[in-house]
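Peer 1: Sharing start02.txt below, compact mmCIF, C-alpha atoms:
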```txt
# COMPACT_ATOMS: atom_id res chain seq x y z
CA MET A 253 -6.98 -16.54 24.74
CA GLU A 254 -9.60 -15.98 22.06
CA ILE A 255 -8.19 -14.49 18.89
CA ARG A 256 -9.92 -11.14 18.37
CA SER A 257 -9.63 -8.42 15.76
CA SER A 258 -6.86 -6.70 17.73
CA THR A 259 -4.86 -9.84 18.56
CA VAL A 260 -1.16 -9.74 17.65
CA LEU A 261 0.50 -13.16 17.85
CA PRO A 262 4.27 -13.73 18.10
CA ALA A 263 6.39 -13.35 14.98
CA VAL A 264 9.81 -12.13 13.94
CA ARG A 265 8.96 -8.73 12.46
CA GLU A 266 11.35 -6.61 10.46
CA ASP A 267 10.96 -3.29 8.66
CA ILE A 268 12.18 -3.72 5.09
CA GLU A 269 12.78 -1.65 1.98
CA LEU A 270 12.18 -2.71 -1.60
CA HIS A 271 14.08 -1.16 -4.50
CA THR A 272 12.40 -0.91 -7.88
CA ALA A 273 14.01 -1.13 -11.29
CA ASP A 274 12.98 2.48 -11.96
CA GLY A 275 14.86 3.75 -8.92
CA LEU A 276 12.29 4.03 -6.12
CA THR A 277 12.46 2.86 -2.51
CA LEU A 278 9.30 1.28 -1.13
CA VAL A 279 8.69 0.71 2.58
CA GLY A 280 7.36 -2.52 4.02
CA GLU A 281 7.44 -5.18 6.70
CA LEU A 282 8.29 -8.87 6.75
CA ALA A 283 6.71 -11.06 9.44
CA LEU A 284 8.27 -14.51 9.88
CA PRO A 285 7.18 -17.45 12.05
CA PRO A 286 8.48 -17.14 15.62
CA GLU A 287 10.36 -20.44 15.23
CA GLY A 288 11.70 -22.32 12.24
CA ARG A 289 11.55 -21.58 8.55
CA PRO A 290 8.29 -20.58 6.89
CA VAL A 291 6.57 -23.15 4.71
CA ALA A 292 5.27 -20.49 2.31
CA THR A 293 5.19 -16.75 1.78
CA LEU A 294 2.36 -14.29 1.15
CA ILE A 295 3.27 -11.18 -0.84
CA CYS A 296 0.46 -8.75 -0.08
CA LEU A 297 -0.81 -6.27 -2.67
CA HIS A 298 -3.03 -3.72 -0.98
CA PRO A 299 -6.25 -1.95 -2.04
CA LEU A 300 -6.43 1.31 -3.96
CA PRO A 301 -4.20 3.96 -2.35
CA THR A 302 -6.40 6.80 -3.61
CA ALA A 303 -9.20 5.24 -1.49
CA GLU A 304 -7.05 4.82 1.64
CA GLY A 305 -5.68 1.40 0.70
CA MET A 306 -2.23 0.61 2.11
CA MET A 307 -0.12 -2.18 3.60
CA ASP A 308 -2.02 -1.76 6.90
CA SER A 309 -5.46 -2.35 5.35
CA HIS A 310 -7.08 -4.53 7.96
CA VAL A 311 -7.18 -7.99 6.34
CA LEU A 312 -3.51 -7.75 5.31
CA ARG A 313 -2.52 -6.48 8.75
CA LYS A 314 -4.38 -9.34 10.44
CA ALA A 315 -2.74 -11.85 8.11
CA ALA A 316 0.65 -10.53 9.27
CA TYR A 317 -0.48 -10.59 12.91
CA ARG A 318 -1.73 -14.19 12.85
CA LEU A 319 -0.46 -16.38 10.02
CA PRO A 320 3.25 -16.57 10.93
CA ALA A 321 2.33 -18.07 14.33
CA LEU A 322 -0.75 -20.08 13.35
CA ALA A 323 0.26 -21.40 9.92
CA GLY A 324 4.04 -21.01 9.58
CA ILE A 325 3.56 -18.53 6.73
CA ALA A 326 5.79 -15.52 6.11
CA VAL A 327 3.86 -12.34 5.33
CA LEU A 328 5.47 -9.58 3.29
CA ARG A 329 3.52 -6.30 3.15
CA PHE A 330 4.59 -3.08 1.50
CA ASN A 331 3.27 0.26 0.32
CA THR A 332 3.20 0.62 -3.45
CA ARG A 333 4.62 3.79 -4.97
CA GLY A 334 3.29 7.00 -3.44
CA THR A 335 1.39 5.13 -0.71
CA ALA A 336 1.68 6.01 2.99
CA SER A 337 0.89 4.19 6.25
CA ASP A 338 2.25 4.14 9.80
CA ARG A 339 5.33 2.38 8.37
CA GLY A 340 6.07 5.43 6.20
CA LYS A 341 5.57 6.58 2.64
CA SER A 342 6.98 4.85 -0.40
CA GLU A 343 8.70 7.02 -2.98
CA GLY A 344 7.12 7.87 -6.31
CA ALA A 345 3.52 8.53 -7.29
CA PHE A 346 0.45 6.38 -7.90
CA ASP A 347 0.30 5.29 -11.56
CA ASP A 348 -3.10 3.59 -11.76
CA GLY A 349 -1.57 0.12 -11.84
CA GLU A 350 0.92 0.58 -14.67
CA ALA A 351 4.32 1.56 -13.18
CA GLU A 352 3.30 -0.53 -10.18
CA ARG A 353 4.57 -3.46 -12.24
CA PHE A 354 8.01 -2.49 -10.94
CA ASP A 355 6.70 -2.61 -7.35
CA VAL A 356 5.42 -6.17 -7.78
CA ALA A 357 8.73 -7.18 -9.37
CA ALA A 358 10.69 -5.60 -6.50
CA ALA A 359 8.70 -7.60 -3.93
CA LEU A 360 9.31 -10.84 -5.82
CA GLU A 361 12.99 -10.00 -6.16
CA TYR A 362 13.18 -9.43 -2.41
CA ALA A 363 11.52 -12.79 -1.74
CA GLU A 364 13.91 -14.56 -4.07
CA PHE A 365 17.04 -12.84 -2.70
CA HIS A 366 16.03 -13.61 0.88
CA ASP A 367 15.13 -17.22 0.09
CA LEU A 368 11.50 -16.88 1.14
CA PRO A 369 9.82 -20.14 0.09
CA ASN A 370 6.79 -20.78 -2.11
CA PRO A 371 5.60 -17.21 -2.71
CA TRP A 372 1.89 -16.64 -3.27
CA LEU A 373 0.40 -13.29 -4.22
CA LEU A 374 -2.40 -12.05 -1.98
CA GLY A 375 -4.17 -9.19 -3.71
CA TRP A 376 -7.11 -7.20 -2.39
CA SER A 377 -9.24 -5.07 -4.72
CA PHE A 378 -6.68 -2.88 -6.59
CA GLY A 379 -4.06 -5.39 -5.47
CA THR A 380 -5.87 -8.13 -7.42
CA GLU A 381 -5.39 -6.06 -10.58
CA LEU A 382 -1.64 -5.89 -9.91
CA ALA A 383 -1.52 -9.64 -9.33
CA LEU A 384 -3.39 -10.45 -12.54
CA LYS A 385 -1.49 -7.96 -14.70
CA TRP A 386 2.04 -8.28 -13.33
CA GLY A 387 2.21 -11.52 -11.34
CA HIS A 388 3.27 -13.89 -14.12
CA ASP A 389 6.67 -14.65 -12.62
CA PRO A 390 8.09 -18.19 -12.46
CA LEU A 391 8.67 -17.66 -8.74
CA VAL A 392 4.93 -17.24 -8.06
CA GLN A 393 3.17 -20.40 -6.92
CA GLY A 394 -0.33 -18.98 -7.23
CA ALA A 395 -2.56 -16.07 -6.27
CA VAL A 396 -5.47 -15.43 -3.93
CA LEU A 397 -7.68 -12.50 -4.94
CA LEU A 398 -9.92 -10.72 -2.43
CA SER A 399 -12.81 -8.72 -3.92
CA PRO A 400 -11.44 -8.61 -7.49
CA PRO A 401 -13.12 -5.77 -9.44
CA LEU A 402 -11.75 -6.91 -12.83
CA ASN A 403 -11.56 -3.28 -13.87
CA ARG A 404 -7.96 -2.44 -14.79
CA ALA A 405 -7.33 -6.16 -15.29
CA GLY A 406 -9.49 -7.47 -18.11
CA ASP A 407 -9.99 -10.54 -20.27
CA ALA A 408 -6.51 -10.31 -21.80
CA ASP A 409 -4.99 -10.48 -18.33
CA LEU A 410 -7.18 -13.43 -17.43
CA ASP A 411 -6.09 -15.18 -20.62
CA ALA A 412 -2.45 -14.52 -19.72
CA TRP A 413 -3.01 -16.05 -16.30
CA ALA A 414 -4.70 -19.05 -17.91
CA GLU A 415 -1.57 -19.55 -19.99
CA PHE A 416 0.60 -19.01 -16.90
CA GLY A 417 -1.12 -22.07 -15.43
CA ARG A 418 -0.67 -21.33 -11.73
CA PRO A 419 -3.56 -21.65 -9.26
CA LEU A 420 -5.89 -18.68 -8.98
CA VAL A 421 -8.48 -18.36 -6.19
CA ALA A 422 -10.97 -15.47 -6.11
CA LEU A 423 -12.86 -14.78 -2.88
CA VAL A 424 -15.91 -12.77 -3.93
CA PRO A 425 -18.32 -11.15 -1.45
CA GLU A 426 -22.02 -11.74 -2.00
CA PHE A 427 -22.66 -7.99 -1.76
CA ASP A 428 -19.50 -6.69 -3.41
CA ASP A 429 -19.63 -3.16 -4.82
CA TYR A 430 -17.93 -4.08 -8.12
CA LEU A 431 -18.11 -7.80 -8.95
CA ARG A 432 -20.44 -10.34 -7.38
CA PRO A 433 -20.11 -14.14 -7.39
CA GLU A 434 -22.32 -14.99 -10.38
CA GLU A 435 -20.62 -12.48 -12.67
CA ALA A 436 -17.22 -13.42 -11.25
CA ARG A 437 -17.77 -17.08 -12.17
CA ARG A 438 -18.65 -16.04 -15.70
CA ARG A 439 -15.60 -13.78 -16.05
CA PHE A 440 -13.11 -16.20 -14.47
CA ALA A 441 -14.40 -19.14 -16.55
CA ARG A 442 -11.78 -18.27 -19.18
CA VAL A 443 -9.10 -19.35 -16.64
CA PRO A 444 -9.44 -23.16 -16.43
CA GLN A 445 -7.54 -23.41 -13.14
CA ALA A 446 -9.41 -20.55 -11.45
CA GLU A 447 -11.67 -21.17 -8.47
CA VAL A 448 -14.29 -18.63 -7.44
CA VAL A 449 -15.47 -18.80 -3.83
CA GLY A 450 -18.56 -16.76 -3.08
CA VAL A 451 -18.81 -15.61 0.53
CA ASP A 452 -22.34 -15.17 1.81
CA ASN A 453 -23.28 -11.78 3.31
CA ALA A 454 -19.76 -10.38 2.90
CA LYS A 455 -19.00 -6.96 1.42
CA HIS A 456 -16.03 -5.53 -0.47
CA LEU A 457 -14.13 -4.44 2.65
CA TRP A 458 -14.55 -7.72 4.61
CA VAL A 459 -15.48 -5.81 7.77
CA GLY A 460 -16.13 -8.03 10.79
CA GLU A 461 -14.12 -10.76 12.47
CA PRO A 462 -16.24 -13.63 11.00
CA TYR A 463 -15.31 -12.55 7.46
CA VAL A 464 -11.64 -12.08 8.33
CA ARG A 465 -11.58 -15.64 9.66
CA ILE A 466 -13.18 -16.95 6.48
CA VAL A 467 -10.62 -15.13 4.34
CA LEU A 468 -7.61 -16.28 6.36
CA ASN A 469 -8.83 -19.89 6.38
CA GLU A 470 -9.38 -19.87 2.61
CA ILE A 471 -5.85 -18.50 2.13
CA VAL A 472 -4.26 -21.09 4.39
CA LYS A 473 -6.29 -23.89 2.79
CA ARG A 474 -4.35 -23.20 -0.44
CA VAL A 475 -0.98 -22.07 0.85
CA ASN A 476 -0.45 -24.48 3.78
CA PRO A 477 -3.38 -26.92 3.95
CA ALA A 478 -1.90 -28.78 6.92
CA ALA A 479 -2.56 -25.71 9.11
CA CYS A 480 -6.26 -25.47 8.21
CA PRO A 481 -8.64 -24.86 9.89
CA LEU A 482 -6.99 -22.09 11.87
CA PRO A 483 -7.56 -22.11 15.62
CA THR A 484 -9.77 -19.43 17.12
CA GLU A 485 -7.77 -19.43 20.36
CA ALA A 486 -4.05 -19.07 20.99
```
The structure in this file should be written as structure tokens.

Peer 2:
Amino acid sequence: MEIRSSTVLPAVREDIELHTADGLTLVGELALPPEGRPVATLICLHPLPTAEGMMDSHVLRKAAYRLPALAGIAVLRFNTRGTASDRGKSEGAFDDGEAERFDVAAALEYAEFHDLPNPWLLGWSFGTELALKWGHDPLVQGAVLLSPPLNRAGDADLDAWAEFGRPLVALVPEFDDYLRPEEARRRFARVPQAEVVGVDNAKHLWVGEPYVRIVLNEIVKRVNPAACPLPTEA
């Protein structure tokens, strides 16, 4: 069976709730490999909720549909405060990336309490800002950034990540609306361990199965290299 955009591979899927330090309940889902323990965990931070970003944004949804079975990776997705999807609406209200620090912390706390191994942050657009600003937790093994705008997160946040020392991979579309590869390499140069991967012909939203496959392979290459390249059939 060829893996297509709508393919859902086997996993152990569970609706979860996260509880923030400021008293909110966030809704989410955890997808685990169908057999055995995961080798690593992706904590997904979705695009801007005021522009329809949510835990079901297509790249994150496809990661949850495929990576537990194909790469042995657990995928934790959730709606940040005030964000709604088919899973439901998280409590609270959008705070432009500031109070969302508690949301990131709640996801990491959940991963630690449930013994999810080797957590990596996977941020997309607005989610990359959350990763850069609030992801400096000893539990975090590294971060993969999809279409980072470097808007809310600036040079001070990049410097903090440089000091943090964990791997940082930015996948930057050739035709991104906010930050393109050449400028991204200049901006991320202040993080010695950062790697910028320009993706030819791609756009900010990574629409199209070829670009989804590129993204998922680049993630797995860092998080579980033994599973790369991902198969195109299952």

Peer 1: Can you list every residue of region 375-421 of chain A that has an atom at most 10 Å from region 425-439 of chain A, with its nearest atom pair and the distance in Å to one decimal, using only C-alpha atoms, ordered by chain then number, as JSON lines?

Peer 2:
```
{"residue": "A:Ser377", "atom": "CA", "partner": "A:Tyr430", "partner_atom": "CA", "distance": 9.4}
{"residue": "A:Leu398", "atom": "CA", "partner": "A:Pro425", "partner_atom": "CA", "distance": 8.5}
{"residue": "A:Ser399", "atom": "CA", "partner": "A:Pro425", "partner_atom": "CA", "distance": 6.5}
{"residue": "A:Pro400", "atom": "CA", "partner": "A:Leu431", "partner_atom": "CA", "distance": 6.9}
{"residue": "A:Pro401", "atom": "CA", "partner": "A:Tyr430", "partner_atom": "CA", "distance": 5.3}
{"residue": "A:Leu402", "atom": "CA", "partner": "A:Leu431", "partner_atom": "CA", "distance": 7.5}
{"residue": "A:Asn403", "atom": "CA", "partner": "A:Tyr430", "partner_atom": "CA", "distance": 8.6}
{"residue": "A:Gly406", "atom": "CA", "partner": "A:Arg439", "partner_atom": "CA", "distance": 9.0}
{"residue": "A:Asp407", "atom": "CA", "partner": "A:Arg439", "partner_atom": "CA", "distance": 7.7}
{"residue": "A:Leu410", "atom": "CA", "partner": "A:Arg439", "partner_atom": "CA", "distance": 8.5}
```

Peer 1: Could you turn the residues from that selection into a file that holds C-alpha atoms, as a PDB file, in the coordinates of the input?

Peer 2:
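Saved the output as part25.pdb:
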```pdb
ATOM      1  CA  SER A 377      -9.240  -5.070  -4.720  1.00  0.00           C
ATOM      2  CA  LEU A 398      -9.920 -10.720  -2.430  1.00  0.00           C
ATOM      3  CA  SER A 399     -12.810  -8.720  -3.920  1.00  0.00           C
ATOM      4  CA  PRO A 400     -11.440  -8.610  -7.490  1.00  0.00           C
ATOM      5  CA  PRO A 401     -13.120  -5.770  -9.440  1.00  0.00           C
ATOM      6  CA  LEU A 402     -11.750  -6.910 -12.830  1.00  0.00           C
ATOM      7  CA  ASN A 403     -11.560  -3.280 -13.870  1.00  0.00           C
ATOM      8  CA  GLY A 406      -9.490  -7.470 -18.110  1.00  0.00           C
ATOM      9  CA  ASP A 407      -9.990 -10.540 -20.270  1.00  0.00           C
ATOM     10  CA  LEU A 410      -7.180 -13.430 -17.430  1.00  0.00           C
TER      11      LEU A 410
END
```

Peer 1: Restricting the calculation to all atoms listed in the file: of A:Trp386, A:Glu415, A:Val421, A:Gly344, which residue gets closest to Ile471 (chain A)?

Peer 2: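 Closest candidate: A:Val421.
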
Peer 1: Give the answer as one residue: which of A:Ala323, A:Phe346, A:Leu294, A:Phe440 has the shortest atom-to-atom distance to Lys473 (chain A), using only C-alpha atoms?

Peer 2: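 The shortest atom-to-atom distance to Lys473 (chain A) comes from A:Ala323.
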
Peer 1: Please determine, counting all atoms listed in the file, which residue among A:Ala351, A:Ala326, A:Leu423, A:Ala405 has the shortest atom-to-atom distance to Asn476 (chain A).

Peer 2: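 Under the stated criterion, the closest residue is A:Ala326.
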
Peer 1: Quick one: distance from CA of Thr332 (chain A) to CA of Gln445 (chain A) in Å, one decimal?

Peer 2: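 Going from CA of Thr332 (chain A) over to CA of Gln445 (chain A) covers 28.0 Å.
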
Peer 1: When you look at Ala395 (chain A) with a cut-off of 12 Å (counting all atoms listed in the file), what residues show up, excluding the ones that are within fewer than 4 positions of it in the same chain? I need them as an MDAnalysis selection string.

Peer 2: chainID A and resid 293:297 370:376 379:389 391 400 413 416:423 445:447 470:472 474:475

Peer 1: Dig up all the protein and nucleic acid residues within 8 Å of (-1.6, -18.5, 14.5) in the file frame, using only C-alpha atoms, and format them as a VMD selection string.

Peer 2: chain A and resid 261 318 to 324 482 to 483 486

Peer 1: At a cut-off of 10 Å, using only C-alpha atoms, what residues contact Ala336 (chain A)? Leave out same-chain residues fewer than 2 positions from it and give the result as a PyMOL selection string.

Peer 2: chain A and resi 278-279+301+304-308+330-334+338-343

Peer 1: Determine the nearest neighbour of Val260 (chain A) from the options A:Lys314, A:Leu457, A:Arg329, A:Glu364, counting only C-alpha atoms.

Peer 2: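 Among A:Lys314, A:Leu457, A:Arg329, A:Glu364, it is A:Lys314 that comes nearest to Val260 (chain A).
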
Peer 1: How far is it from CA of Ser257 (chain A) to CA of Leu300 (chain A), in Å with one decimal?

Peer 2: 22.2 Å

Peer 1: From the list A:Ala358, A:Ala315, A:Val424, A:Val327, which residue is nearest Glu266 (chain A) when using all atoms listed in the file?

Peer 2: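 Smallest separation from Glu266 (chain A) among the options: A:Val327.
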
Peer 1: What are the centre and the three edge lengths of an axis-aligned box that wraps all atoms of region 281-292 of chain A in the file, given that 6 Å is added to every side, written as AutoDock Vina command-line options and rounded to one decimal in Å?

Peer 2:
```
--center_x 8.5 --center_y -14.2 --center_z 9.0 --size_x 18.4 --size_y 30.0 --size_z 25.3
```

Peer 1: Residues near Glu254 (chain A), anyone? I mean within 9 Å using all atoms listed in the file, not counting same-chain ones fewer than 3 positions away, as a ChimeraX atom specification.

Peer 2: /A:259,484-486

Peer 1: May I have the selected residues written with C-alpha atoms, as a short mmCIF file (atom, residue, chain, number, x, y, z; two decimals), keeping the file's coordinate frame?

Peer 2:
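selection_32.cif, written as the output of this step:
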```cif
data_model
loop_
_atom_site.label_atom_id
_atom_site.label_comp_id
_atom_site.auth_asym_id
_atom_site.auth_seq_id
_atom_site.Cartn_x
_atom_site.Cartn_y
_atom_site.Cartn_z
CA THR A 259 -4.86 -9.84 18.56
CA THR A 484 -9.77 -19.43 17.12
CA GLU A 485 -7.77 -19.43 20.36
CA ALA A 486 -4.05 -19.07 20.99
#
```

Peer 1: Enter the distance from CA of Asp452 (chain A) to CA of Ile466 (chain A), in Å, rounded to one decimal.

Peer 2: 10.4 Å

Peer 1: Which residue gives the smallest distance to Gly280 (chain A) among A:Ala412, A:Leu397, A:Ala441, A:Ala359, with all atoms listed in the file counted?

Peer 2: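 Going through A:Ala412, A:Leu397, A:Ala441, A:Ala359 one by one, the smallest distance to Gly280 (chain A) is for A:Ala359.
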